[in-house]
file final-v7.pdb (PDB, C-alpha atoms)
ATOM      1  CA  MET U   1     101.995  66.232  94.969
ATOM      2  CA  LYS U   2     100.918  67.918  98.159
ATOM      3  CA  VAL U   3     102.152  71.531  97.971
ATOM      4  CA  LEU U   4     102.010  74.214 100.650
ATOM      5  CA  VAL U   5     101.584  77.646  99.038
ATOM      6  CA  THR U   6     101.924  80.749 101.196
ATOM      7  CA  GLY U   7     100.254  83.953 100.051
ATOM      8  CA  SER U   8      97.476  81.887  98.479
ATOM      9  CA  ALA U   9      95.077  84.862  98.378
ATOM     10  CA  GLY U  10      97.717  87.022  96.720
ATOM     11  CA  PHE U  11      98.189  87.877  93.066
ATOM     12  CA  ILE U  12     100.776  85.188  92.303
ATOM     13  CA  GLY U  13      99.803  82.721  95.013
ATOM     14  CA  SER U  14      96.168  82.413  93.932
ATOM     15  CA  ALA U  15      97.152  81.925  90.282
ATOM     16  CA  LEU U  16      99.746  79.315  91.236
ATOM     17  CA  SER U  17      97.288  77.458  93.472
ATOM     18  CA  LYS U  18      94.763  77.334  90.648
ATOM     19  CA  ARG U  19      97.383  75.978  88.247
ATOM     20  CA  LEU U  20      98.596  73.292  90.669
ATOM     21  CA  ILE U  21      95.048  72.139  91.395
ATOM     22  CA  SER U  22      94.269  71.990  87.668
ATOM     23  CA  ARG U  23      97.050  69.456  87.157
ATOM     24  CA  GLY U  24      95.935  67.322  90.102
ATOM     25  CA  ASP U  25      98.092  68.538  92.972
ATOM     26  CA  GLU U  26      96.725  69.056  96.463
ATOM     27  CA  VAL U  27      97.293  72.598  97.786
ATOM     28  CA  ILE U  28      97.429  73.845 101.355
ATOM     29  CA  GLY U  29      96.995  77.614 101.090
ATOM     30  CA  VAL U  30      98.362  79.833 103.853
ATOM     31  CA  ASP U  31      97.291  83.496 103.965
ATOM     32  CA  ASN U  32      96.252  85.921 106.705
ATOM     33  CA  LEU U  33      94.253  88.207 104.348
ATOM     34  CA  ASN U  34      95.794  91.343 105.838
ATOM     35  CA  ASP U  35      94.549  94.774 104.808
ATOM     36  CA  TYR U  36      97.682  96.059 103.046
ATOM     37  CA  TYR U  37      95.336  96.326 100.074
ATOM     38  CA  ASP U  38      91.685  95.522  99.273
ATOM     39  CA  VAL U  39      90.661  92.398 101.220
ATOM     40  CA  ALA U  40      87.610  91.957  98.974
ATOM     41  CA  LEU U  41      89.929  91.400  96.008
ATOM     42  CA  LYS U  42      91.850  88.756  97.964
ATOM     43  CA  LYS U  43      88.614  86.983  98.885
ATOM     44  CA  ALA U  44      87.506  87.049  95.240
ATOM     45  CA  ARG U  45      90.763  85.391  94.215
ATOM     46  CA  LEU U  46      90.200  82.709  96.868
ATOM     47  CA  GLU U  47      86.594  81.939  95.898
ATOM     48  CA  PRO U  48      87.238  79.439  93.087
ATOM     49  CA  LEU U  49      89.967  77.747  95.142
ATOM     50  CA  LEU U  50      87.636  77.178  98.097
ATOM     51  CA  ASP U  51      85.236  75.351  95.763
ATOM     52  CA  SER U  52      87.887  72.700  95.076
ATOM     53  CA  ASP U  53      88.270  69.583  97.235
ATOM     54  CA  LYS U  54      92.002  69.757  96.459
ATOM     55  CA  PHE U  55      92.428  73.067  98.300
ATOM     56  CA  THR U  56      92.732  73.448 102.070
ATOM     57  CA  GLU U  57      92.769  76.956 103.547
ATOM     58  CA  ALA U  58      94.894  77.900 106.553
ATOM     59  CA  ARG U  59      94.121  81.515 107.470
ATOM     60  CA  ILE U  60      97.183  82.293 109.561
ATOM     61  CA  SER U  61     100.205  84.586 109.519
ATOM     62  CA  LEU U  62     103.645  83.360 108.519
ATOM     63  CA  GLU U  63     105.180  84.958 111.595
ATOM     64  CA  ASP U  64     102.978  82.861 113.929
ATOM     65  CA  ASN U  65     105.484  80.076 114.518
ATOM     66  CA  VAL U  66     103.122  77.930 116.633
ATOM     67  CA  GLU U  67     100.408  77.866 113.962
ATOM     68  CA  MET U  68     102.924  77.345 111.170
ATOM     69  CA  GLU U  69     104.380  74.337 113.004
ATOM     70  CA  LYS U  70     100.868  72.898 113.265
ATOM     71  CA  VAL U  71     100.226  73.347 109.534
ATOM     72  CA  PHE U  72     103.429  71.564 108.580
ATOM     73  CA  ARG U  73     102.821  68.700 111.020
ATOM     74  CA  LYS U  74      99.166  68.243 110.091
ATOM     75  CA  HIS U  75      99.499  68.368 106.308
ATOM     76  CA  ALA U  76     103.084  67.133 105.731
ATOM     77  CA  PRO U  77     103.571  68.881 102.370
ATOM     78  CA  GLN U  78     106.084  67.372  99.976
ATOM     79  CA  ARG U  79     107.005  70.741  98.491
ATOM     80  CA  VAL U  80     106.578  74.369  99.524
ATOM     81  CA  VAL U  81     106.259  77.613  97.574
ATOM     82  CA  ASN U  82     106.696  80.705  99.739
ATOM     83  CA  LEU U  83     105.078  83.722  98.085
ATOM     84  CA  ALA U  84     103.735  85.471 101.193
ATOM     85  CA  ALA U  85     105.598  88.653 102.092
ATOM     86  CA  GLN U  86     105.112  92.256 102.977
ATOM     87  CA  ALA U  87     105.419  93.694  99.489
ATOM     88  CA  GLY U  88     106.068  97.191  98.185
ATOM     89  CA  VAL U  89     109.228  99.265  98.065
ATOM     90  CA  ARG U  90     107.715 102.606  99.069
ATOM     91  CA  TYR U  91     105.678 101.182 101.950
ATOM     92  CA  SER U  92     108.924  99.920 103.490
ATOM     93  CA  LEU U  93     109.868 103.570 104.118
ATOM     94  CA  ILE U  94     106.680 104.040 106.150
ATOM     95  CA  ASN U  95     106.341 100.760 108.046
ATOM     96  CA  PRO U  96     109.722  98.976 108.170
ATOM     97  CA  HIS U  97     108.738  96.694 111.063
ATOM     98  CA  ALA U  98     106.127  94.958 108.875
ATOM     99  CA  TYR U  99     108.939  93.758 106.602
ATOM    100  CA  ILE U 100     110.970  92.308 109.456
ATOM    101  CA  GLU U 101     107.974  90.485 110.901
ATOM    102  CA  SER U 102     106.680  88.971 107.651
ATOM    103  CA  ASN U 103     109.737  88.661 105.420
ATOM    104  CA  LEU U 104     112.296  87.593 108.036
ATOM    105  CA  ASN U 105     110.412  86.124 110.999
ATOM    106  CA  GLY U 106     107.909  84.548 108.633
ATOM    107  CA  PHE U 107     110.593  83.083 106.405
ATOM    108  CA  ILE U 108     112.475  81.430 109.261
ATOM    109  CA  ASN U 109     109.218  79.670 110.175
ATOM    110  CA  ILE U 110     109.015  78.368 106.601
ATOM    111  CA  LEU U 111     112.610  77.142 106.698
ATOM    112  CA  GLU U 112     112.110  75.450 110.056
ATOM    113  CA  GLY U 113     108.897  73.827 108.863
ATOM    114  CA  CYS U 114     110.698  72.455 105.813
ATOM    115  CA  ARG U 115     113.651  71.278 107.886
ATOM    116  CA  HIS U 116     111.620  69.347 110.450
ATOM    117  CA  ASN U 117     109.077  67.832 108.046
ATOM    118  CA  ALA U 118     111.240  66.311 105.300
ATOM    119  CA  VAL U 119     110.133  68.785 102.615
ATOM    120  CA  GLU U 120     111.632  67.789  99.259
ATOM    121  CA  HIS U 121     111.999  71.275  97.776
ATOM    122  CA  LEU U 122     111.380  74.878  98.840
ATOM    123  CA  VAL U 123     110.786  77.482  96.135
ATOM    124  CA  TYR U 124     110.561  81.056  97.392
ATOM    125  CA  ALA U 125     109.939  84.509  95.941
ATOM    126  CA  SER U 126     112.880  86.835  95.847
ATOM    127  CA  SER U 127     112.811  90.059  93.832
ATOM    128  CA  SER U 128     114.596  92.069  91.162
ATOM    129  CA  SER U 129     114.851  94.714  93.894
ATOM    130  CA  VAL U 130     117.909  92.885  95.274
ATOM    131  CA  TYR U 131     119.970  94.339  92.413
ATOM    132  CA  GLY U 132     119.699  97.729  94.119
ATOM    133  CA  SER U 133     122.411 100.112  92.979
ATOM    134  CA  ASN U 134     123.644  97.806  90.201
ATOM    135  CA  THR U 135     123.684  99.469  86.783
ATOM    136  CA  LYS U 136     125.266  96.761  84.589
ATOM    137  CA  MET U 137     122.499  95.446  82.352
ATOM    138  CA  PRO U 138     121.016  92.912  82.067
ATOM    139  CA  PHE U 139     121.015  91.863  85.712
ATOM    140  CA  SER U 140     122.557  88.423  86.140
ATOM    141  CA  VAL U 141     122.143  86.015  89.057
ATOM    142  CA  GLU U 142     125.953  85.877  89.143
ATOM    143  CA  ASP U 143     126.155  89.622  89.914
ATOM    144  CA  ASN U 144     126.992  90.948  93.373
ATOM    145  CA  VAL U 145     123.831  92.171  95.119
ATOM    146  CA  ASP U 146     125.238  93.707  98.278
ATOM    147  CA  HIS U 147     123.891  97.234  97.753
ATOM    148  CA  PRO U 148     120.100  97.240  98.268
ATOM    149  CA  VAL U 149     118.342 100.623  98.179
ATOM    150  CA  SER U 150     115.227  99.690 100.182
ATOM    151  CA  LEU U 151     114.506  97.620 103.273
ATOM    152  CA  TYR U 152     112.187  95.472 101.151
ATOM    153  CA  ALA U 153     115.142  94.583  98.918
ATOM    154  CA  ALA U 154     117.331  93.915 101.946
ATOM    155  CA  THR U 155     114.806  91.420 103.344
ATOM    156  CA  LYS U 156     114.675  89.594 100.010
ATOM    157  CA  LYS U 157     118.469  89.379  99.888
ATOM    158  CA  ALA U 158     118.346  88.108 103.481
ATOM    159  CA  ASN U 159     115.894  85.388 102.408
ATOM    160  CA  GLU U 160     118.419  84.156  99.853
ATOM    161  CA  LEU U 161     121.152  84.013 102.504
ATOM    162  CA  MET U 162     118.873  82.260 105.004
ATOM    163  CA  ALA U 163     117.847  79.705 102.382
ATOM    164  CA  HIS U 164     121.473  78.946 101.554
ATOM    165  CA  THR U 165     122.251  78.372 105.219
ATOM    166  CA  TYR U 166     119.496  75.732 105.446
ATOM    167  CA  SER U 167     120.577  74.164 102.153
ATOM    168  CA  HIS U 168     124.094  73.897 103.574
ATOM    169  CA  LEU U 169     123.273  72.749 107.109
ATOM    170  CA  TYR U 170     120.304  70.489 106.465
ATOM    171  CA  LYS U 171     120.601  69.634 102.747
ATOM    172  CA  LEU U 172     117.226  71.278 102.117
ATOM    173  CA  PRO U 173     116.889  71.928  98.365
ATOM    174  CA  THR U 174     115.963  75.614  97.918
ATOM    175  CA  THR U 175     115.318  77.669  94.786
ATOM    176  CA  GLY U 176     114.965  81.449  94.905
ATOM    177  CA  LEU U 177     113.141  83.235  92.079
ATOM    178  CA  ARG U 178     113.866  86.902  91.495
ATOM    179  CA  PHE U 179     110.575  88.195  90.060
ATOM    180  CA  PHE U 180     110.658  91.183  87.704
ATOM    181  CA  THR U 181     107.599  93.524  87.880
ATOM    182  CA  VAL U 182     104.738  91.044  87.649
ATOM    183  CA  TYR U 183     101.501  92.309  86.047
ATOM    184  CA  GLY U 184      98.242  90.978  84.636
ATOM    185  CA  PRO U 185      94.628  90.121  85.582
ATOM    186  CA  TRP U 186      93.918  89.965  89.344
ATOM    187  CA  GLY U 187      97.031  92.086  89.979
ATOM    188  CA  ARG U 188      97.865  94.149  93.039
ATOM    189  CA  PRO U 189      96.063  97.516  93.409
ATOM    190  CA  ASP U 190      99.265  99.216  94.602
ATOM    191  CA  MET U 191     101.108  98.417  91.354
ATOM    192  CA  ALA U 192     101.451 100.936  88.517
ATOM    193  CA  LEU U 193      99.186  99.219  85.965
ATOM    194  CA  PHE U 194      96.288  99.006  88.424
ATOM    195  CA  LEU U 195      96.777 102.577  89.681
ATOM    196  CA  PHE U 196      97.132 104.006  86.167
ATOM    197  CA  THR U 197      94.037 102.203  84.880
ATOM    198  CA  ARG U 198      91.844 103.356  87.750
ATOM    199  CA  LYS U 199      92.967 106.984  87.510
ATOM    200  CA  ILE U 200      92.822 107.262  83.714
ATOM    201  CA  LEU U 201      89.271 105.900  83.647
ATOM    202  CA  ALA U 202      88.315 108.314  86.451
ATOM    203  CA  GLY U 203      89.875 111.262  84.606
ATOM    204  CA  GLU U 204      92.465 111.783  87.331
ATOM    205  CA  PRO U 205      96.173 112.557  86.719
ATOM    206  CA  ILE U 206      98.656 109.715  87.130
ATOM    207  CA  ASP U 207     101.941 110.095  89.009
ATOM    208  CA  VAL U 208     104.839 109.271  86.687
ATOM    209  CA  PHE U 209     108.056 108.977  88.680
ATOM    210  CA  ASN U 210     111.574 109.648  87.428
ATOM    211  CA  TYR U 211     109.885 111.948  84.878
ATOM    212  CA  GLY U 212     108.881 108.872  82.879
ATOM    213  CA  ASN U 213     112.444 107.673  82.361
ATOM    214  CA  HIS U 214     111.874 104.341  84.088
ATOM    215  CA  GLN U 215     112.507 101.063  82.304
ATOM    216  CA  ARG U 216     110.955  97.903  83.646
ATOM    217  CA  ASP U 217     111.220  94.240  82.696
ATOM    218  CA  PHE U 218     107.452  93.714  82.951
ATOM    219  CA  THR U 219     106.591  90.010  83.304
ATOM    220  CA  TYR U 220     103.108  88.635  82.649
ATOM    221  CA  ILE U 221     101.462  86.588  85.405
ATOM    222  CA  ASP U 222     101.012  83.429  83.280
ATOM    223  CA  ASP U 223     104.725  83.449  82.444
ATOM    224  CA  ILE U 224     105.580  83.808  86.131
ATOM    225  CA  ILE U 225     103.365  80.843  87.035
ATOM    226  CA  GLU U 226     104.899  78.681  84.319
ATOM    227  CA  GLY U 227     108.361  79.506  85.647
ATOM    228  CA  VAL U 228     107.380  78.734  89.244
ATOM    229  CA  VAL U 229     105.808  75.389  88.341
ATOM    230  CA  ARG U 230     108.777  74.303  86.239
ATOM    231  CA  THR U 231     111.291  75.147  88.947
ATOM    232  CA  LEU U 232     109.121  73.521  91.614
ATOM    233  CA  ASP U 233     109.215  70.250  89.682
ATOM    234  CA  ILE U 234     113.028  70.224  89.464
ATOM    235  CA  ALA U 235     114.466  70.196  92.968
ATOM    236  CA  ALA U 236     117.611  72.282  93.384
ATOM    237  CA  ALA U 237     120.819  70.254  93.282
ATOM    238  CA  SER U 238     124.392  71.026  94.270
ATOM    239  CA  ASN U 239     126.820  72.317  91.647
ATOM    240  CA  PRO U 240     129.723  69.819  91.501
ATOM    241  CA  GLU U 241     131.928  72.456  89.873
ATOM    242  CA  TRP U 242     131.324  75.110  92.523
ATOM    243  CA  ASP U 243     134.610  76.600  93.712
ATOM    244  CA  GLY U 244     134.956  78.549  96.953
ATOM    245  CA  LYS U 245     137.960  80.393  95.520
ATOM    246  CA  ASN U 246     135.820  81.740  92.704
ATOM    247  CA  PRO U 247     132.275  81.432  94.096
ATOM    248  CA  ASP U 248     129.215  81.482  91.855
ATOM    249  CA  SER U 249     126.537  83.320  93.847
ATOM    250  CA  ALA U 250     123.654  81.637  91.990
ATOM    251  CA  THR U 251     124.641  78.042  92.824
ATOM    252  CA  SER U 252     126.469  76.229  95.595
ATOM    253  CA  SER U 253     128.086  73.016  96.729
ATOM    254  CA  SER U 254     124.780  72.705  98.615
ATOM    255  CA  PRO U 255     121.386  72.115  96.911
ATOM    256  CA  TYR U 256     120.735  75.810  96.252
ATOM    257  CA  LYS U 257     119.739  77.744  93.117
ATOM    258  CA  LEU U 258     118.802  81.294  92.159
ATOM    259  CA  TYR U 259     117.040  82.320  88.950
ATOM    260  CA  ASN U 260     115.810  85.555  87.416
ATOM    261  CA  LEU U 261     112.189  85.243  86.312
ATOM    262  CA  GLY U 262     111.633  88.143  83.939
ATOM    263  CA  SER U 263     110.675  88.843  80.351
ATOM    264  CA  ASN U 264     114.252  89.732  79.295
ATOM    265  CA  ASN U 265     112.719  92.689  77.457
ATOM    266  CA  PRO U 266     112.663  96.028  79.339
ATOM    267  CA  VAL U 267     110.015  98.565  78.303
ATOM    268  CA  GLU U 268     110.096 102.344  78.720
ATOM    269  CA  LEU U 269     107.444 103.502  81.185
ATOM    270  CA  MET U 270     106.087 106.029  78.666
ATOM    271  CA  ARG U 271     105.613 103.238  76.119
ATOM    272  CA  TYR U 272     103.844 101.185  78.782
ATOM    273  CA  ILE U 273     101.462 104.100  79.387
ATOM    274  CA  GLU U 274     100.884 104.555  75.633
ATOM    275  CA  ILE U 275      99.804 100.922  75.278
ATOM    276  CA  LEU U 276      97.488 101.278  78.269
ATOM    277  CA  GLU U 277      95.973 104.445  76.779
ATOM    278  CA  ASP U 278      95.310 102.589  73.524
ATOM    279  CA  CYS U 279      93.601  99.730  75.381
ATOM    280  CA  LEU U 280      91.471 102.127  77.429
ATOM    281  CA  GLY U 281      90.721 104.452  74.520
ATOM    282  CA  LYS U 282      91.592 107.394  76.715
ATOM    283  CA  LYS U 283      94.658 109.599  77.221
ATOM    284  CA  ALA U 284      96.339 110.039  80.584
ATOM    285  CA  GLU U 285      97.049 113.331  82.281
ATOM    286  CA  LYS U 286     100.588 112.901  83.597
ATOM    287  CA  ASN U 287     102.027 114.351  86.786
ATOM    288  CA  LEU U 288     105.803 114.062  86.224
ATOM    289  CA  LEU U 289     107.762 113.545  89.443
ATOM    290  CA  PRO U 290     111.380 112.795  90.429
ATOM    291  CA  LEU U 291     112.758 109.340  91.258
ATOM    292  CA  GLN U 292     111.352 108.163  94.581
ATOM    293  CA  PRO U 293     113.514 106.942  97.483
ATOM    294  CA  GLY U 294     114.021 103.179  97.235
ATOM    295  CA  ASP U 295     113.231 103.056  93.505
ATOM    296  CA  VAL U 296     115.687 102.074  90.772
ATOM    297  CA  PRO U 297     115.595 103.631  87.300
ATOM    298  CA  ALA U 298     115.754 100.386  85.308
ATOM    299  CA  THR U 299     115.452  96.603  85.539
ATOM    300  CA  PHE U 300     116.458  94.041  82.906
ATOM    301  CA  ALA U 301     116.627  90.289  83.553
ATOM    302  CA  ASN U 302     119.279  87.965  82.199
ATOM    303  CA  VAL U 303     117.411  84.636  82.043
ATOM    304  CA  ASP U 304     120.156  82.446  80.579
ATOM    305  CA  ALA U 305     120.300  80.247  83.690
ATOM    306  CA  LEU U 306     116.527  79.697  83.579
ATOM    307  CA  VAL U 307     116.693  78.751  79.886
ATOM    308  CA  ASN U 308     119.692  76.450  80.336
ATOM    309  CA  ASP U 309     118.490  74.636  83.476
ATOM    310  CA  ILE U 310     114.712  74.717  83.181
ATOM    311  CA  GLY U 311     114.227  75.132  79.439
ATOM    312  CA  TYR U 312     111.907  78.088  79.809
ATOM    313  CA  LYS U 313     111.783  81.781  78.935
ATOM    314  CA  PRO U 314     108.794  84.132  79.468
ATOM    315  CA  ALA U 315     107.285  85.149  76.121
ATOM    316  CA  THR U 316     104.047  87.172  76.547
ATOM    317  CA  ASN U 317     104.416  90.576  74.897
ATOM    318  CA  ILE U 318     103.410  93.734  76.705
ATOM    319  CA  GLU U 319     100.595  94.600  74.273
ATOM    320  CA  GLU U 320      98.833  91.286  74.882
ATOM    321  CA  GLY U 321      99.434  91.385  78.626
ATOM    322  CA  ILE U 322      98.054  94.903  79.149
ATOM    323  CA  ALA U 323      95.037  94.177  76.939
ATOM    324  CA  ASN U 324      94.240  91.111  79.052
ATOM    325  CA  PHE U 325      94.501  93.168  82.233
ATOM    326  CA  VAL U 326      92.217  95.916  80.929
ATOM    327  CA  GLU U 327      89.628  93.337  79.844
ATOM    328  CA  TRP U 328      89.720  91.773  83.331
ATOM    329  CA  TYR U 329      89.584  95.176  85.072
ATOM    330  CA  ARG U 330      86.528  96.334  83.098
ATOM    331  CA  ASP U 331      84.752  93.060  83.803
ATOM    332  CA  TYR U 332      85.640  92.878  87.517
ATOM    333  CA  TYR U 333      84.757  96.494  88.298
ATOM    334  CA  GLY U 334      81.966  96.848  85.741
ATOM    335  CA  VAL U 335      83.464  99.857  83.947
TER     336      VAL U 335
END

call {"tool": "encode", "arguments": {"input": "final-v7.pdb", "output": "structure tokens"}}
result
Amino acid sequence: MKVLVTGSAGFIGSALSKRLISRGDEVIGVDNLNDYYDVALKKARLEPLLDSDKFTEARISLEDNVEMEKVFRKHAPQRVVNLAAQAGVRYSLINPHAYIESNLNGFINILEGCRHNAVEHLVYASSSSVYGSNTKMPFSVEDNVDHPVSLYAATKKANELMAHTYSHLYKLPTTGLRFFTVYGPWGRPDMALFLFTRKILAGEPIDVFNYGNHQRDFTYIDDIIEGVVRTLDIAAASNPEWDGKNPDSATSSSPYKLYNLGSNNPVELMRYIEILEDCLGKKAEKNLLPLQPGDVPATFANVDALVNDIGYKPATNIEEGIANFVEWYRDYYGV
């Protein structure tokens, strides 16, 4: 297939592009290489992709509707995976406009591109953050998600609503994937595992929010990629049993689906740090802090829908995943 992947220099996007190319797909990679975090890391992720004749780079911003229209018209992708976004919960408290520009204005350009160019299936990144104030565990795609606690989460919920509108109006098959705390080699420097590793090796204290009482459904990058590829290959279809009197929020009478993509196995943050300490051979000095605005104390994915429809469930354990990250980190940074 010919697949347009946005965020192709990002953590998930670069790994997905590599996987698609390895199975013979042609990838058009869209990324603006912004400086939200280390641009050198993004370029390093891109390097092996640029060596492939099955990868075409388009260095543009999602919110540039003129350039996005050109990319869709020129390359005519059969399927699209939208992974580009302004990420980060805490940064949304500092620079909210970045989230509107990338996550909303950018996403409408994706939807319009799909609509006007006969795209067969759009898969897009949502987030576990949409569960917001929900406390019933595990989080299910059938749960109400109308109480976000960060603007980032609100934009991801908005993406789901926008996608449904296009599925309804234009019969565009769309699948939203709610990612749960993705980690692993080539990860984002603003994420906890990266920050903790750098500071522990440097002998600096790490900030542990909510006094270490966090629980997270950490999901390894390879498991995320497997889930994305499997959902990409099965275009969303309408649910013939959908009932407007008792609506299922994860499906529709239109070709629209939502899935949780998580490990279904939440881990205490302190246990996460213990495993990292073991892999590094060094103890962390912990700076215990209260829960931060926009954060939630726990995440836990119900993946029954993913198992039933796609036949897949993430399986990499946290010990293996952290060890793989530490090995990559030491090699990449020479420490």

call {"tool": "residues_around", "arguments": {"input": "final-v7.pdb", "residues": "stretch 187-190 of chain U", "least_positions_apart": "5", "cutoff": "9 Å", "atoms": "only C-alpha atoms", "output": "VMD selection string"}}
result
chain U and resid 10 to 12 37 to 38 41 88 182 195 221 325

call {"tool": "residues_near_point", "arguments": {"input": "final-v7.pdb", "point": "(102.6, 75.7, 100.8)", "cutoff": "9 Å", "atoms": "all atoms listed in the file", "output": "ChimeraX atom specification"}}
result
/U:2-8,27-30,72,77,79-83

call {"tool": "closest_residue", "arguments": {"input": "final-v7.pdb", "among": "U:Pro266, U:Gly281, U:Gly212, U:Pro255", "to": "U:Ile200", "atoms": "only C-alpha atoms"}}
result
U:Gly281

call {"tool": "resolve_selection", "arguments": {"input": "final-v7.pdb", "expression": "the PyMOL selection byres ((chain U and resi 96-98) around 12)", "output": "JSON, numbers by chain"}}
result
{"U": [34, 36, 61, 62, 63, 85, 86, 87, 88, 89, 90, 91, 92, 93, 94, 95, 99, 100, 101, 102, 103, 104, 105, 106, 150, 151, 152, 153, 154, 155]}

call {"tool": "write_last_selection", "arguments": {"input": "final-v7.pdb", "atoms": "C-alpha atoms", "output": "mmCIF file, keeping the file's coordinate frame"}}
result
data_model
loop_
_atom_site.group_PDB
_atom_site.id
_atom_site.type_symbol
_atom_site.label_atom_id
_atom_site.label_comp_id
_atom_site.auth_asym_id
_atom_site.auth_seq_id
_atom_site.Cartn_x
_atom_site.Cartn_y
_atom_site.Cartn_z
ATOM 1 C CA ASN U 34 95.794 91.343 105.838
ATOM 2 C CA TYR U 36 97.682 96.059 103.046
ATOM 3 C CA SER U 61 100.205 84.586 109.519
ATOM 4 C CA LEU U 62 103.645 83.360 108.519
ATOM 5 C CA GLU U 63 105.180 84.958 111.595
ATOM 6 C CA ALA U 85 105.598 88.653 102.092
ATOM 7 C CA GLN U 86 105.112 92.256 102.977
ATOM 8 C CA ALA U 87 105.419 93.694 99.489
ATOM 9 C CA GLY U 88 106.068 97.191 98.185
ATOM 10 C CA VAL U 89 109.228 99.265 98.065
ATOM 11 C CA ARG U 90 107.715 102.606 99.069
ATOM 12 C CA TYR U 91 105.678 101.182 101.950
ATOM 13 C CA SER U 92 108.924 99.920 103.490
ATOM 14 C CA LEU U 93 109.868 103.570 104.118
ATOM 15 C CA ILE U 94 106.680 104.040 106.150
ATOM 16 C CA ASN U 95 106.341 100.760 108.046
ATOM 17 C CA TYR U 99 108.939 93.758 106.602
ATOM 18 C CA ILE U 100 110.970 92.308 109.456
ATOM 19 C CA GLU U 101 107.974 90.485 110.901
ATOM 20 C CA SER U 102 106.680 88.971 107.651
ATOM 21 C CA ASN U 103 109.737 88.661 105.420
ATOM 22 C CA LEU U 104 112.296 87.593 108.036
ATOM 23 C CA ASN U 105 110.412 86.124 110.999
ATOM 24 C CA GLY U 106 107.909 84.548 108.633
ATOM 25 C CA SER U 150 115.227 99.690 100.182
ATOM 26 C CA LEU U 151 114.506 97.620 103.273
ATOM 27 C CA TYR U 152 112.187 95.472 101.151
ATOM 28 C CA ALA U 153 115.142 94.583 98.918
ATOM 29 C CA ALA U 154 117.331 93.915 101.946
ATOM 30 C CA THR U 155 114.806 91.420 103.344
#

call {"tool": "resolve_selection", "arguments": {"input": "final-v7.pdb", "expression": "the PyMOL selection byres ((chain U and resi 290) around 12)", "output": "PyMOL selection string"}}
result
chain U and resi 207-214+287-289+291-293+295-297

call {"tool": "resolve_selection", "arguments": {"input": "final-v7.pdb", "expression": "the PyMOL selection byres ((chain U and resi 298-302) around 7)", "output": "list in words"}}
result
Met137, Pro138, Phe139, Ser140, His214, Gln215, Arg216, Asp217, Asn260, Gly262, Ser263, Asn264, Asn265, Pro266, Val296, Pro297, Val303 and Asp304 of chain U

call {"tool": "closest_residue", "arguments": {"input": "final-v7.pdb", "among": "U:Lys282, U:Lys136, U:Lys157, U:Arg19", "to": "U:Tyr124", "atoms": "all atoms listed in the file"}}
result
U:Lys157

call {"tool": "closest_atom_pairs", "arguments": {"input": "final-v7.pdb", "of": "stretch 188-270 of chain U", "to": "stretch 308-315 of chain U", "cutoff": "10 Å", "atoms": "only C-alpha atoms", "output": "JSON lines"}}
result
{"residue": "U:Thr219", "atom": "CA", "partner": "U:Pro314", "partner_atom": "CA", "distance": 7.4}
{"residue": "U:Tyr220", "atom": "CA", "partner": "U:Pro314", "partner_atom": "CA", "distance": 7.9}
{"residue": "U:Ile221", "atom": "CA", "partner": "U:Pro314", "partner_atom": "CA", "distance": 9.7}
{"residue": "U:Asp222", "atom": "CA", "partner": "U:Pro314", "partner_atom": "CA", "distance": 8.7}
{"residue": "U:Asp223", "atom": "CA", "partner": "U:Pro314", "partner_atom": "CA", "distance": 5.1}
{"residue": "U:Ile224", "atom": "CA", "partner": "U:Pro314", "partner_atom": "CA", "distance": 7.4}
{"residue": "U:Ile225", "atom": "CA", "partner": "U:Pro314", "partner_atom": "CA", "distance": 9.9}
{"residue": "U:Glu226", "atom": "CA", "partner": "U:Pro314", "partner_atom": "CA", "distance": 8.3}
{"residue": "U:Gly227", "atom": "CA", "partner": "U:Tyr312", "partner_atom": "CA", "distance": 7.0}
{"residue": "U:Arg230", "atom": "CA", "partner": "U:Ile310", "partner_atom": "CA", "distance": 6.7}
{"residue": "U:Thr231", "atom": "CA", "partner": "U:Ile310", "partner_atom": "CA", "distance": 6.7}
{"residue": "U:Asp233", "atom": "CA", "partner": "U:Ile310", "partner_atom": "CA", "distance": 9.6}
{"residue": "U:Ile234", "atom": "CA", "partner": "U:Ile310", "partner_atom": "CA", "distance": 7.9}
{"residue": "U:Tyr259", "atom": "CA", "partner": "U:Asp309", "partner_atom": "CA", "distance": 9.5}
{"residue": "U:Leu261", "atom": "CA", "partner": "U:Pro314", "partner_atom": "CA", "distance": 7.7}
{"residue": "U:Gly262", "atom": "CA", "partner": "U:Pro314", "partner_atom": "CA", "distance": 6.6}
{"residue": "U:Ser263", "atom": "CA", "partner": "U:Pro314", "partner_atom": "CA", "distance": 5.1}
{"residue": "U:Asn264", "atom": "CA", "partner": "U:Pro314", "partner_atom": "CA", "distance": 7.8}
{"residue": "U:Asn265", "atom": "CA", "partner": "U:Ala315", "partner_atom": "CA", "distance": 9.4}

call {"tool": "closest_residue", "arguments": {"input": "final-v7.pdb", "among": "U:Ala44, U:Ile108, U:Ala158, U:Val229", "to": "U:Glu69", "atoms": "all atoms listed in the file"}}
result
U:Ile108

call {"tool": "closest_residue", "arguments": {"input": "final-v7.pdb", "among": "U:Asp143, U:Glu57, U:Asp278, U:Glu120", "to": "U:Leu232", "atoms": "all atoms listed in the file"}}
result
U:Glu120

call {"tool": "atom_distance", "arguments": {"input": "final-v7.pdb", "atom1": "atom CA of U:Asn159", "atom2": "atom CA of U:Leu306"}}
result
19.7 Å

call {"tool": "closest_atom_pairs", "arguments": {"input": "final-v7.pdb", "of": "stretch 112-170 of chain U", "to": "stretch 174-180 of chain U", "cutoff": "6 Å", "atoms": "all atoms listed in the file", "output": "CSV"}}
result
residue,atom,partner,partner_atom,distance
U:His121,CA,U:Thr174,CA,5.9
U:Leu122,CA,U:Thr174,CA,4.7
U:Val123,CA,U:Thr175,CA,4.7
U:Tyr124,CA,U:Gly176,CA,5.1
U:Ala125,CA,U:Leu177,CA,5.2
U:Ser126,CA,U:Arg178,CA,4.5
U:Ser127,CA,U:Arg178,CA,4.1
U:Ser128,CA,U:Arg178,CA,5.2
